[in-house]
$ cat target03.pdb   # PDB, C-alpha atoms
ATOM      1  CA  MET A1011     -10.269  34.577  23.377
ATOM      2  CA  ALA A1012      -7.261  33.976  25.629
ATOM      3  CA  THR A1013      -4.042  35.828  24.780
ATOM      4  CA  LEU A1014      -1.004  33.665  24.102
ATOM      5  CA  THR A1015       2.015  34.130  26.302
ATOM      6  CA  ARG A1016       5.483  34.744  24.881
ATOM      7  CA  GLY A1017       6.461  31.148  25.509
ATOM      8  CA  GLN A1018       3.368  29.910  23.705
ATOM      9  CA  HIS A1019       4.148  32.163  20.753
ATOM     10  CA  VAL A1020       7.696  30.791  20.590
ATOM     11  CA  TYR A1021       6.410  27.216  20.775
ATOM     12  CA  LYS A1022       3.832  27.920  18.066
ATOM     13  CA  TRP A1023       6.375  29.363  15.646
ATOM     14  CA  ALA A1024       8.981  26.688  16.450
ATOM     15  CA  SER A1025       6.521  23.833  15.916
ATOM     16  CA  GLY A1026       5.249  25.443  12.711
ATOM     17  CA  THR A1027       8.780  25.864  11.386
ATOM     18  CA  LEU A1028       9.624  22.266  12.240
ATOM     19  CA  PHE A1029       6.489  21.069  10.493
ATOM     20  CA  MET A1030       7.361  23.033   7.355
ATOM     21  CA  LEU A1031      10.898  21.601   7.380
ATOM     22  CA  ILE A1032       9.472  18.082   7.611
ATOM     23  CA  LEU A1033       7.191  18.766   4.636
ATOM     24  CA  LEU A1034      10.153  20.195   2.722
ATOM     25  CA  VAL A1035      12.271  17.113   3.373
ATOM     26  CA  LEU A1036       9.412  14.805   2.378
ATOM     27  CA  TYR A1037       8.264  16.498  -0.810
ATOM     28  CA  ALA A1038      11.273  18.419  -2.116
ATOM     29  CA  PRO A1039      12.807  15.259  -3.682
ATOM     30  CA  PHE A1040       9.563  14.604  -5.551
ATOM     31  CA  LEU A1041       9.423  18.182  -6.867
ATOM     32  CA  ILE A1042      13.065  17.972  -7.985
ATOM     33  CA  MET A1043      12.417  14.636  -9.694
ATOM     34  CA  LEU A1044       9.342  16.064 -11.414
ATOM     35  CA  ARG A1045      11.338  19.022 -12.725
ATOM     36  CA  LEU A1046      14.173  16.778 -13.944
ATOM     37  CA  SER A1047      11.698  14.637 -15.868
ATOM     38  CA  PHE A1048      10.845  17.614 -18.089
ATOM     39  CA  GLY A1049      14.429  18.447 -19.009
ATOM     40  CA  LEU A1050      15.738  18.818 -22.557
ATOM     41  CA  GLN A1051      19.045  17.056 -21.946
ATOM     42  CA  ASN A1052      19.639  13.324 -21.673
ATOM     43  CA  ILE A1053      21.694  13.754 -18.506
ATOM     44  CA  SER A1054      20.661  14.475 -14.944
ATOM     45  CA  VAL A1055      21.658  18.090 -14.315
ATOM     46  CA  PHE A1056      19.749  20.319 -11.925
ATOM     47  CA  PRO A1057      18.325  22.693 -12.799
ATOM     48  CA  PRO A1058      17.777  21.283 -16.317
ATOM     49  CA  GLU A1059      17.762  23.532 -19.343
ATOM     50  CA  GLY A1060      14.340  24.247 -20.790
ATOM     51  CA  TRP A1061      11.198  22.166 -20.743
ATOM     52  CA  SER A1062      10.387  19.086 -22.789
ATOM     53  CA  THR A1063       8.253  15.949 -22.669
ATOM     54  CA  ILE A1064      10.879  13.860 -24.481
ATOM     55  CA  SER A1065      11.458  11.717 -21.370
ATOM     56  CA  TYR A1066       7.775  10.785 -21.227
ATOM     57  CA  GLN A1067       7.801  10.011 -24.964
ATOM     58  CA  LYS A1068      10.772   7.699 -24.451
ATOM     59  CA  LEU A1069       9.018   6.078 -21.510
ATOM     60  CA  LEU A1070       5.795   5.437 -23.412
ATOM     61  CA  ASN A1071       7.436   4.555 -26.755
ATOM     62  CA  PRO A1072      10.557   2.500 -25.965
ATOM     63  CA  SER A1073      10.511   0.856 -29.427
ATOM     64  CA  ASP A1074      10.664   4.176 -31.336
ATOM     65  CA  TYR A1075      14.136   4.269 -32.887
ATOM     66  CA  SER A1076      13.910   8.036 -33.405
ATOM     67  CA  LEU A1077      13.985   8.455 -29.617
ATOM     68  CA  PHE A1078      17.209   6.503 -29.051
ATOM     69  CA  THR A1079      19.909   8.046 -26.964
ATOM     70  CA  ILE A1080      22.844   9.832 -28.553
ATOM     71  CA  SER A1081      25.036   6.753 -28.234
ATOM     72  CA  GLY A1082      22.497   4.641 -30.162
ATOM     73  CA  GLU A1083      21.711   2.605 -27.079
ATOM     74  CA  PRO A1084      18.104   1.323 -27.127
ATOM     75  CA  LEU A1085      15.686   2.480 -24.458
ATOM     76  CA  THR A1086      14.587   0.292 -21.585
ATOM     77  CA  ASN A1087      11.073  -1.093 -21.902
ATOM     78  CA  TYR A1088       9.495  -0.712 -18.453
ATOM     79  CA  GLY A1089       6.139  -2.081 -19.630
ATOM     80  CA  PRO A1090       6.540  -5.806 -18.778
ATOM     81  CA  PRO A1091       8.129  -5.174 -15.338
ATOM     82  CA  LEU A1092       5.396  -2.630 -14.564
ATOM     83  CA  VAL A1093       2.602  -5.028 -15.519
ATOM     84  CA  LEU A1094       4.226  -7.787 -13.474
ATOM     85  CA  SER A1095       4.616  -5.538 -10.422
ATOM     86  CA  LEU A1096       1.006  -4.353 -10.688
ATOM     87  CA  ALA A1097      -0.311  -7.919 -10.977
ATOM     88  CA  LEU A1098       1.805  -9.107  -8.053
ATOM     89  CA  ALA A1099       0.849  -6.085  -5.940
ATOM     90  CA  ILE A1100      -2.877  -6.562  -6.569
ATOM     91  CA  LEU A1101      -2.709 -10.293  -5.799
ATOM     92  CA  THR A1102      -0.674  -9.598  -2.679
ATOM     93  CA  ALA A1103      -3.119  -6.939  -1.507
ATOM     94  CA  VAL A1104      -6.148  -9.182  -2.007
ATOM     95  CA  VAL A1105      -4.657 -12.287  -0.372
ATOM     96  CA  ALA A1106      -3.053 -10.358   2.497
ATOM     97  CA  THR A1107      -6.270  -8.442   3.207
ATOM     98  CA  VAL A1108      -8.401 -11.590   3.278
ATOM     99  CA  LEU A1109      -5.957 -13.416   5.551
ATOM    100  CA  ALA A1110      -5.521 -10.373   7.811
ATOM    101  CA  LEU A1111      -9.300  -9.958   8.174
ATOM    102  CA  MET A1112      -9.765 -13.641   9.003
ATOM    103  CA  ALA A1113      -6.967 -13.528  11.581
ATOM    104  CA  ALA A1114      -8.257 -10.320  13.176
ATOM    105  CA  LEU A1115     -11.785 -11.722  13.475
ATOM    106  CA  ALA A1116     -10.384 -14.877  15.055
ATOM    107  CA  PHE A1117      -8.553 -12.802  17.668
ATOM    108  CA  ARG A1118     -11.841 -11.338  18.879
ATOM    109  CA  LYS A1119     -12.253 -14.572  20.844
ATOM    110  CA  ARG A1120     -10.057 -15.961  23.590
ATOM    111  CA  PHE A1121      -8.380 -19.271  22.755
ATOM    112  CA  HIS A1122      -5.396 -21.333  23.868
ATOM    113  CA  GLY A1123      -2.106 -20.136  22.399
ATOM    114  CA  ARG A1124      -3.521 -16.756  21.421
ATOM    115  CA  GLY A1125      -0.475 -14.813  22.598
ATOM    116  CA  ALA A1126       2.041 -17.056  20.845
ATOM    117  CA  LEU A1127       0.053 -16.950  17.608
ATOM    118  CA  PHE A1128      -0.130 -13.153  17.787
ATOM    119  CA  TYR A1129       3.655 -12.814  17.870
ATOM    120  CA  LEU A1130       3.995 -15.498  15.201
ATOM    121  CA  LEU A1131       1.811 -13.453  12.852
ATOM    122  CA  LEU A1132       4.009 -10.406  13.437
ATOM    123  CA  LEU A1133       7.223 -12.227  12.553
ATOM    124  CA  GLY A1134       6.925 -10.944   9.008
ATOM    125  CA  LEU A1135       7.572  -7.427  10.296
ATOM    126  CA  VAL A1136      10.949  -8.233  11.823
ATOM    127  CA  THR A1137      12.253 -11.062   9.645
ATOM    128  CA  PRO A1138      14.948  -9.752   7.265
ATOM    129  CA  GLY A1139      13.675  -9.886   3.703
ATOM    130  CA  VAL A1140      16.855 -11.391   2.275
ATOM    131  CA  ILE A1141      16.806 -14.193   4.856
ATOM    132  CA  LEU A1142      13.153 -14.978   4.178
ATOM    133  CA  GLY A1143      13.683 -15.002   0.421
ATOM    134  CA  LEU A1144      16.825 -17.118   0.684
ATOM    135  CA  GLY A1145      15.172 -19.667   2.959
ATOM    136  CA  LEU A1146      12.143 -20.035   0.712
ATOM    137  CA  ARG A1147      14.322 -20.256  -2.393
ATOM    138  CA  LEU A1148      16.479 -23.015  -0.882
ATOM    139  CA  PHE A1149      13.373 -24.895   0.229
ATOM    140  CA  THR A1150      11.694 -24.749  -3.185
ATOM    141  CA  ASP A1151      14.924 -25.742  -4.938
ATOM    142  CA  GLN A1152      15.251 -28.786  -2.693
ATOM    143  CA  MET A1153      11.636 -29.718  -3.343
ATOM    144  CA  GLY A1154      12.133 -29.317  -7.080
ATOM    145  CA  PHE A1155       9.527 -26.575  -7.549
ATOM    146  CA  GLY A1156      11.712 -23.662  -8.565
ATOM    147  CA  ALA A1157      10.975 -19.975  -8.069
ATOM    148  CA  HIS A1158       8.201 -18.080  -9.826
ATOM    149  CA  TRP A1159       6.617 -14.702  -9.168
ATOM    150  CA  ALA A1160       3.115 -16.207  -8.807
ATOM    151  CA  THR A1161       4.200 -18.802  -6.227
ATOM    152  CA  THR A1162       7.318 -18.015  -4.218
ATOM    153  CA  GLY A1163       7.153 -14.309  -5.036
ATOM    154  CA  LEU A1164       3.517 -14.026  -3.993
ATOM    155  CA  LEU A1165       4.117 -16.041  -0.817
ATOM    156  CA  VAL A1166       6.996 -13.835   0.320
ATOM    157  CA  HIS A1167       5.113 -10.620  -0.427
ATOM    158  CA  VAL A1168       2.011 -11.822   1.425
ATOM    159  CA  ALA A1169       4.141 -12.761   4.437
ATOM    160  CA  TRP A1170       5.512  -9.201   4.397
ATOM    161  CA  ALA A1171       2.214  -7.336   3.875
ATOM    162  CA  MET A1172      -0.219  -9.454   5.895
ATOM    163  CA  PRO A1173       0.961  -8.326   9.399
ATOM    164  CA  PHE A1174       0.377  -4.674   8.488
ATOM    165  CA  GLY A1175      -3.189  -5.405   7.441
ATOM    166  CA  PHE A1176      -3.669  -7.505  10.569
ATOM    167  CA  LEU A1177      -2.709  -4.563  12.782
ATOM    168  CA  VAL A1178      -5.008  -2.232  10.841
ATOM    169  CA  PHE A1179      -7.973  -4.545  11.427
ATOM    170  CA  LEU A1180      -7.120  -4.927  15.118
ATOM    171  CA  VAL A1181      -7.192  -1.152  15.567
ATOM    172  CA  PHE A1182     -10.638  -0.914  13.965
ATOM    173  CA  LEU A1183     -12.017  -3.919  15.840
ATOM    174  CA  ASN A1184     -10.898  -2.482  19.183
ATOM    175  CA  ARG A1185     -13.220   0.474  18.504
ATOM    176  CA  PHE A1186     -16.013  -1.727  17.179
ATOM    177  CA  ASP A1187     -19.432  -1.648  18.874
ATOM    178  CA  HIS A1188     -20.181  -5.351  19.322
ATOM    179  CA  SER A1189     -23.705  -4.649  20.581
ATOM    180  CA  ILE A1190     -24.884  -4.104  16.986
ATOM    181  CA  GLU A1191     -23.840  -7.620  16.005
ATOM    182  CA  GLU A1192     -25.287  -9.092  19.194
ATOM    183  CA  ALA A1193     -28.609  -7.365  18.616
ATOM    184  CA  ALA A1194     -28.790  -8.637  15.040
ATOM    185  CA  ALA A1195     -27.959 -12.195  16.136
ATOM    186  CA  THR A1196     -30.549 -12.021  18.923
ATOM    187  CA  LEU A1197     -33.224 -10.986  16.439
ATOM    188  CA  GLY A1198     -32.498 -13.952  14.198
ATOM    189  CA  ALA A1199     -29.796 -12.940  11.731
ATOM    190  CA  SER A1200     -27.363 -15.710  10.783
ATOM    191  CA  PRO A1201     -23.627 -15.256  11.479
ATOM    192  CA  TRP A1202     -22.870 -14.909   7.777
ATOM    193  CA  ARG A1203     -25.575 -12.255   7.321
ATOM    194  CA  VAL A1204     -24.352 -10.343  10.360
ATOM    195  CA  PHE A1205     -20.838 -10.330   8.913
ATOM    196  CA  ARG A1206     -21.908  -9.416   5.375
ATOM    197  CA  THR A1207     -24.389  -6.659   6.208
ATOM    198  CA  ILE A1208     -23.026  -5.206   9.467
ATOM    199  CA  THR A1209     -19.427  -6.147  10.264
ATOM    200  CA  LEU A1210     -17.919  -5.840   6.793
ATOM    201  CA  PRO A1211     -19.514  -2.456   5.886
ATOM    202  CA  ILE A1212     -18.324  -0.940   9.161
ATOM    203  CA  LEU A1213     -14.847  -2.327   8.546
ATOM    204  CA  SER A1214     -14.739  -1.055   4.948
ATOM    205  CA  PRO A1215     -12.137   1.681   5.741
ATOM    206  CA  ALA A1216      -9.922  -0.964   7.331
ATOM    207  CA  VAL A1217     -10.356  -3.211   4.283
ATOM    208  CA  LEU A1218      -9.288  -0.397   1.989
ATOM    209  CA  GLY A1219      -6.405   0.551   4.285
ATOM    210  CA  SER A1220      -5.148  -3.024   4.416
ATOM    211  CA  PHE A1221      -5.440  -3.303   0.635
ATOM    212  CA  LEU A1222      -3.396  -0.134   0.127
ATOM    213  CA  PHE A1223      -0.769  -1.346   2.595
ATOM    214  CA  GLY A1224      -0.447  -4.646   0.757
ATOM    215  CA  PHE A1225      -0.353  -2.992  -2.653
ATOM    216  CA  THR A1226       2.296  -0.385  -1.822
ATOM    217  CA  LEU A1227       4.495  -2.739   0.205
ATOM    218  CA  SER A1228       4.525  -5.271  -2.615
ATOM    219  CA  PHE A1229       4.861  -2.789  -5.456
ATOM    220  CA  ASP A1230       8.144  -1.268  -4.258
ATOM    221  CA  GLU A1231       9.686  -4.352  -2.653
ATOM    222  CA  VAL A1232      13.250  -5.182  -3.723
ATOM    223  CA  GLN A1233      14.946  -7.238  -1.019
ATOM    224  CA  ARG A1234      12.262  -9.886  -0.752
ATOM    225  CA  SER A1235      11.962 -10.106  -4.537
ATOM    226  CA  SER A1236      15.626 -10.595  -5.344
ATOM    227  CA  LEU A1237      15.678 -14.391  -4.917
ATOM    228  CA  VAL A1238      12.065 -15.536  -5.372
ATOM    229  CA  MET A1239      10.920 -14.078  -8.715
ATOM    230  CA  GLY A1240      12.439 -16.747 -10.925
ATOM    231  CA  HIS A1241      13.126 -15.519 -14.451
ATOM    232  CA  SER A1242      10.735 -12.582 -14.067
ATOM    233  CA  THR A1243      11.825  -9.071 -13.154
ATOM    234  CA  SER A1244       9.702  -6.641 -11.185
ATOM    235  CA  LEU A1245       9.753  -2.898 -11.731
ATOM    236  CA  PRO A1246      11.843  -2.128  -8.599
ATOM    237  CA  GLN A1247      14.410  -4.726  -9.693
ATOM    238  CA  GLU A1248      14.519  -3.222 -13.187
ATOM    239  CA  LEU A1249      14.962   0.279 -11.795
ATOM    240  CA  LEU A1250      17.722  -0.894  -9.481
ATOM    241  CA  ALA A1251      19.557  -2.488 -12.398
ATOM    242  CA  VAL A1252      19.171   0.624 -14.556
ATOM    243  CA  THR A1253      20.211   3.140 -11.908
ATOM    244  CA  THR A1254      23.414   1.245 -11.128
ATOM    245  CA  VAL A1255      24.582   2.057 -14.677
ATOM    246  CA  ARG A1256      23.161   5.491 -15.413
ATOM    247  CA  VAL A1257      20.239   7.595 -14.218
ATOM    248  CA  THR A1258      18.445   9.304 -17.097
ATOM    249  CA  PRO A1259      15.414  11.640 -17.101
ATOM    250  CA  VAL A1260      13.300   8.671 -18.258
ATOM    251  CA  VAL A1261      13.687   7.194 -14.781
ATOM    252  CA  TYR A1262      12.537  10.485 -13.287
ATOM    253  CA  ALA A1263       9.507  10.481 -15.594
ATOM    254  CA  LEU A1264       8.574   6.992 -14.448
ATOM    255  CA  GLY A1265       9.112   7.941 -10.803
ATOM    256  CA  SER A1266       6.955  11.048 -11.191
ATOM    257  CA  ILE A1267       4.072   9.057 -12.675
ATOM    258  CA  ILE A1268       4.261   6.469  -9.896
ATOM    259  CA  ALA A1269       4.426   9.167  -7.208
ATOM    260  CA  LEU A1270       1.404  10.994  -8.631
ATOM    261  CA  ALA A1271      -0.533   7.720  -8.784
ATOM    262  CA  SER A1272       0.393   7.063  -5.138
ATOM    263  CA  PHE A1273      -0.867  10.494  -4.102
ATOM    264  CA  LEU A1274      -4.097   9.768  -5.960
ATOM    265  CA  LEU A1275      -4.566   6.483  -4.098
ATOM    266  CA  VAL A1276      -3.988   8.200  -0.762
ATOM    267  CA  GLY A1277      -6.489  10.893  -1.744
ATOM    268  CA  VAL A1278      -9.113   8.264  -2.588
ATOM    269  CA  TYR A1279      -8.544   6.582   0.764
ATOM    270  CA  LEU A1280      -8.931   9.883   2.647
ATOM    271  CA  VAL A1281     -12.159  10.634   0.786
ATOM    272  CA  VAL A1282     -13.557   7.218   1.685
ATOM    273  CA  ILE A1283     -12.552   7.655   5.335
ATOM    274  CA  GLU A1284     -14.143  11.103   5.484
ATOM    275  CA  ARG A1285     -17.382   9.862   3.913
ATOM    276  CA  GLN A1286     -17.502   6.969   6.376
ATOM    277  CA  ARG A1287     -16.899   9.339   9.293
ATOM    278  CA  ARG A1288     -19.655  11.691   8.180
ATOM    279  CA  ARG A1289     -22.071   8.834   7.636
ATOM    280  CA  LEU A1290     -21.476   7.427  11.111
ATOM    281  CA  SER A1291     -21.624  10.902  12.642
ATOM    282  CA  MET A1292     -25.008  11.588  11.038
ATOM    283  CA  ARG A1293     -26.351   8.259  12.249
ATOM    284  CA  ALA A1294     -25.106   8.889  15.759
ATOM    285  CA  SER A1295     -26.650  12.373  15.862
ATOM    286  CA  THR A1296     -30.071  11.085  14.778
ATOM    287  CA  GLN A1297     -29.760   7.863  16.804
ATOM    288  CA  GLU A1298     -30.542   5.748  13.752
ATOM    289  CA  GLU A1299     -27.416   3.640  13.611
ATOM    290  CA  LEU A1300     -29.054   0.549  15.111
ATOM    291  CA  PRO A1301     -32.139   0.459  12.851
ATOM    292  CA  ASP A1302     -30.024   1.246   9.801
ATOM    293  CA  GLU A1303     -27.595  -1.571  10.455
ATOM    294  CA  LEU A1304     -30.211  -4.078  11.570
ATOM    295  CA  GLY A1305     -32.692  -3.294   8.834
ATOM    296  CA  ARG A1306     -30.599  -4.985   6.212
ATOM    297  CA  ALA A1307     -29.710  -7.900   8.455
ATOM    298  CA  LEU A1308     -33.282  -8.631   9.487
ATOM    299  CA  HIS A1309     -35.069  -7.898   6.211
ATOM    300  CA  THR A1310     -34.744 -11.504   5.018
ATOM    301  CA  THR A1311     -32.906 -13.722   7.467
ATOM    302  CA  VAL A1312     -30.711 -16.297   5.818
TER     303      VAL A1312
END
$ encode --input "target03.pdb" --output "structure tokens"
Amino acid sequence: MATLTRGQHVYKWASGTLFMLILLVLYAPFLIMLRLSFGLQNISVFPPEGWSTISYQKLLNPSDYSLFTISGEPLTNYGPPLVLSLALAILTAVVATVLALMAALAFRKRFHGRGALFYLLLLGLVTPGVILGLGLRLFTDQMGFGAHWATTGLLVHVAWAMPFGFLVFLVFLNRFDHSIEEAAATLGASPWRVFRTITLPILSPAVLGSFLFGFTLSFDEVQRSSLVMGHSTSLPQELLAVTTVRVTPVVYALGSIIALASFLLVGVYLVVIERQRRRLSMRASTQEELPDELGRALHTTV
């Protein structure tokens, strides 16, 4: 094994230190928030005195009068905003993923206006959220429709999340082996069967990645939701309203739960990616990828 020079040692320790500092900056706020959520006091003081789950009890039981604050002020019920944000995020993820997949598959072919359409699809990445929400709100008001989370809210969130999913699918399709699809089509498989049994399973990590992008981008969106939600209030809007008055440990408890759920989702995605990588690696090593993919497509041609 080659011996590292002094310069290589310095670079190794410097890069390792920088990496640790980046991890500290990224995760230290979460650890502080998690510790504050278990404090005994009703104020945000770090480090808090003692350990208690009172903040989580207040979060899960906002109607319990015995858990009211010292001033007698009732607790905020985060349940309805949370349910609304989850529903909107799931709808956004599904619609954005379907549209992104359709657009990415269309861009596998050359057609007139392809370049202009590509940049048009990416406008959602650079368009200011407030401007997009304001324009849509003015348009719906003029048309007499009004704003609602399931119409204007969903439309704005899909416009924001869809370009990210589109780019994810393009990355996967650029590494896609088209010969598998061509072989299946040559042997008699219909286009729909080729897509369902070959293309879509291979793109399953991209589908999951696009879904997670759409879900997370919608779930924590504030700017684009400020003018298009109608009379409904999403969880980020509720948190913004609460934190402008006073930040209590209940907010930290809610943030800790959401952060842990986010880490869990990322972990699930990494497990799926790793399983897909191992599966493809095993097929490549045994040279069985073509029969495995074509077997399902050619078993009963539709």
$ closest_residue --input "target03.pdb" --among "A:Val1204, A:Leu1044, A:Pro1072, A:Val1276" --to "Pro1090 (chain A)" --atoms "all atoms listed in the file"
A:Pro1072
$ closest_residue --input "target03.pdb" --among "A:Arg1234, A:Phe1117, A:Val1168, A:Pro1211" --to "Leu1142 (chain A)" --atoms "all atoms listed in the file"
A:Arg1234
$ closest_residue --input "target03.pdb" --among "A:Leu1101, A:Gly1198, A:Val1181, A:Ala1216" --to "Leu1165 (chain A)" --atoms "all atoms listed in the file"
A:Leu1101
$ atom_distance --input "target03.pdb" --atom1 "CA of Phe1225 (chain A)" --atom2 "CA of Ile1100 (chain A)"
5.9 Å
$ atom_distance --input "target03.pdb" --atom1 "CA of Trp1159 (chain A)" --atom2 "CA of Leu1098 (chain A)"
7.5 Å
$ closest_residue --input "target03.pdb" --among "A:Ala1099, A:Gly1049, A:Arg1287, A:Tyr1088" --to "Ala1160 (chain A)" --atoms "all atoms listed in the file"
A:Ala1099
$ resolve_selection --input "target03.pdb" --expression "the PyMOL selection byres ((chain A and resi 1174) around 9)" --output "ChimeraX atom specification"
/A:1106,1110,1132,1135,1170-1173,1175-1179,1220,1223-1224
$ closest_residue --input "target03.pdb" --among "A:Leu1245, A:Leu1218, A:Val1252, A:Leu1210" --to "Ile1268 (chain A)" --atoms "only C-alpha atoms"
A:Leu1245
$ resolve_selection --input "target03.pdb" --expression "the PyMOL selection byres ((chain A and resi 1250) around 12)" --output "PyMOL selection string"
chain A and resi 1230-1233+1235-1236+1243-1249+1251-1257+1261
$ closest_residue --input "target03.pdb" --among "A:Val1166, A:Phe1221, A:Leu1036, A:Ser1242" --to "Ile1141 (chain A)" --atoms "all atoms listed in the file"
A:Val1166
$ atom_distance --input "target03.pdb" --atom1 "CA of Phe1205 (chain A)" --atom2 "CA of Ile1190 (chain A)"
11.0 Å
$ decode --input "target03.pdb" --residues "region 1047-1067 of chain A" --atoms "N, CA and C atoms" --output "PDB file, in the first residue's frame"
ATOM      1  N   SER A1047     -37.510  20.279  22.795  1.00  0.00           N
ATOM      2  CA  SER A1047     -38.865  19.728  22.818  1.00  0.00           C
ATOM      3  C   SER A1047     -39.135  18.908  24.068  1.00  0.00           C
ATOM      4  N   PHE A1048     -38.091  18.499  24.776  1.00  0.00           N
ATOM      5  CA  PHE A1048     -38.261  17.707  25.992  1.00  0.00           C
ATOM      6  C   PHE A1048     -38.034  18.539  27.257  1.00  0.00           C
ATOM      7  N   GLY A1049     -38.139  19.852  27.139  1.00  0.00           N
ATOM      8  CA  GLY A1049     -37.917  20.702  28.295  1.00  0.00           C
ATOM      9  C   GLY A1049     -39.110  20.737  29.234  1.00  0.00           C
ATOM     10  N   LEU A1050     -38.855  21.111  30.482  1.00  0.00           N
ATOM     11  CA  LEU A1050     -39.902  21.233  31.490  1.00  0.00           C
ATOM     12  C   LEU A1050     -40.617  22.567  31.405  1.00  0.00           C
ATOM     13  N   GLN A1051     -39.897  23.614  31.012  1.00  0.00           N
ATOM     14  CA  GLN A1051     -40.458  24.956  30.997  1.00  0.00           C
ATOM     15  C   GLN A1051     -41.280  25.203  29.743  1.00  0.00           C
ATOM     16  N   ASN A1052     -42.114  26.240  29.811  1.00  0.00           N
ATOM     17  CA  ASN A1052     -42.952  26.616  28.678  1.00  0.00           C
ATOM     18  C   ASN A1052     -42.311  27.710  27.830  1.00  0.00           C
ATOM     19  N   ILE A1053     -41.034  27.965  28.071  1.00  0.00           N
ATOM     20  CA  ILE A1053     -40.304  28.971  27.308  1.00  0.00           C
ATOM     21  C   ILE A1053     -39.102  28.309  26.654  1.00  0.00           C
ATOM     22  N   SER A1054     -38.599  28.956  25.614  1.00  0.00           N
ATOM     23  CA  SER A1054     -37.481  28.395  24.865  1.00  0.00           C
ATOM     24  C   SER A1054     -36.171  28.898  25.454  1.00  0.00           C
ATOM     25  N   VAL A1055     -35.590  28.107  26.341  1.00  0.00           N
ATOM     26  CA  VAL A1055     -34.309  28.423  26.961  1.00  0.00           C
ATOM     27  C   VAL A1055     -33.386  27.230  26.777  1.00  0.00           C
ATOM     28  N   PHE A1056     -32.207  27.493  26.246  1.00  0.00           N
ATOM     29  CA  PHE A1056     -31.254  26.396  26.020  1.00  0.00           C
ATOM     30  C   PHE A1056     -30.029  26.602  26.897  1.00  0.00           C
ATOM     31  N   PRO A1057     -29.591  25.553  27.605  1.00  0.00           N
ATOM     32  CA  PRO A1057     -30.241  24.234  27.671  1.00  0.00           C
ATOM     33  C   PRO A1057     -31.435  24.256  28.607  1.00  0.00           C
ATOM     34  N   PRO A1058     -32.510  23.530  28.288  1.00  0.00           N
ATOM     35  CA  PRO A1058     -33.696  23.520  29.161  1.00  0.00           C
ATOM     36  C   PRO A1058     -33.429  22.754  30.450  1.00  0.00           C
ATOM     37  N   GLU A1059     -34.220  23.035  31.438  1.00  0.00           N
ATOM     38  CA  GLU A1059     -34.084  22.359  32.728  1.00  0.00           C
ATOM     39  C   GLU A1059     -34.889  21.057  32.727  1.00  0.00           C
ATOM     40  N   GLY A1060     -34.206  19.960  33.008  1.00  0.00           N
ATOM     41  CA  GLY A1060     -34.871  18.681  33.138  1.00  0.00           C
ATOM     42  C   GLY A1060     -35.380  18.115  31.825  1.00  0.00           C
ATOM     43  N   TRP A1061     -36.108  17.011  31.979  1.00  0.00           N
ATOM     44  CA  TRP A1061     -36.674  16.308  30.831  1.00  0.00           C
ATOM     45  C   TRP A1061     -38.163  16.074  31.070  1.00  0.00           C
ATOM     46  N   SER A1062     -38.955  16.268  30.027  1.00  0.00           N
ATOM     47  CA  SER A1062     -40.389  16.065  30.144  1.00  0.00           C
ATOM     48  C   SER A1062     -40.984  15.875  28.755  1.00  0.00           C
ATOM     49  N   THR A1063     -42.094  15.152  28.706  1.00  0.00           N
ATOM     50  CA  THR A1063     -42.818  14.954  27.447  1.00  0.00           C
ATOM     51  C   THR A1063     -44.067  15.831  27.381  1.00  0.00           C
ATOM     52  N   ILE A1064     -44.124  16.869  28.232  1.00  0.00           N
ATOM     53  CA  ILE A1064     -45.310  17.717  28.283  1.00  0.00           C
ATOM     54  C   ILE A1064     -45.591  18.389  26.946  1.00  0.00           C
ATOM     55  N   SER A1065     -44.529  18.742  26.203  1.00  0.00           N
ATOM     56  CA  SER A1065     -44.731  19.394  24.899  1.00  0.00           C
ATOM     57  C   SER A1065     -45.409  18.448  23.916  1.00  0.00           C
ATOM     58  N   TYR A1066     -45.054  17.184  23.950  1.00  0.00           N
ATOM     59  CA  TYR A1066     -45.681  16.203  23.063  1.00  0.00           C
ATOM     60  C   TYR A1066     -47.122  15.919  23.504  1.00  0.00           C
ATOM     61  N   GLN A1067     -47.385  15.966  24.807  1.00  0.00           N
ATOM     62  CA  GLN A1067     -48.761  15.814  25.284  1.00  0.00           C
ATOM     63  C   GLN A1067     -49.630  16.978  24.827  1.00  0.00           C
TER      64      GLN A1067
END
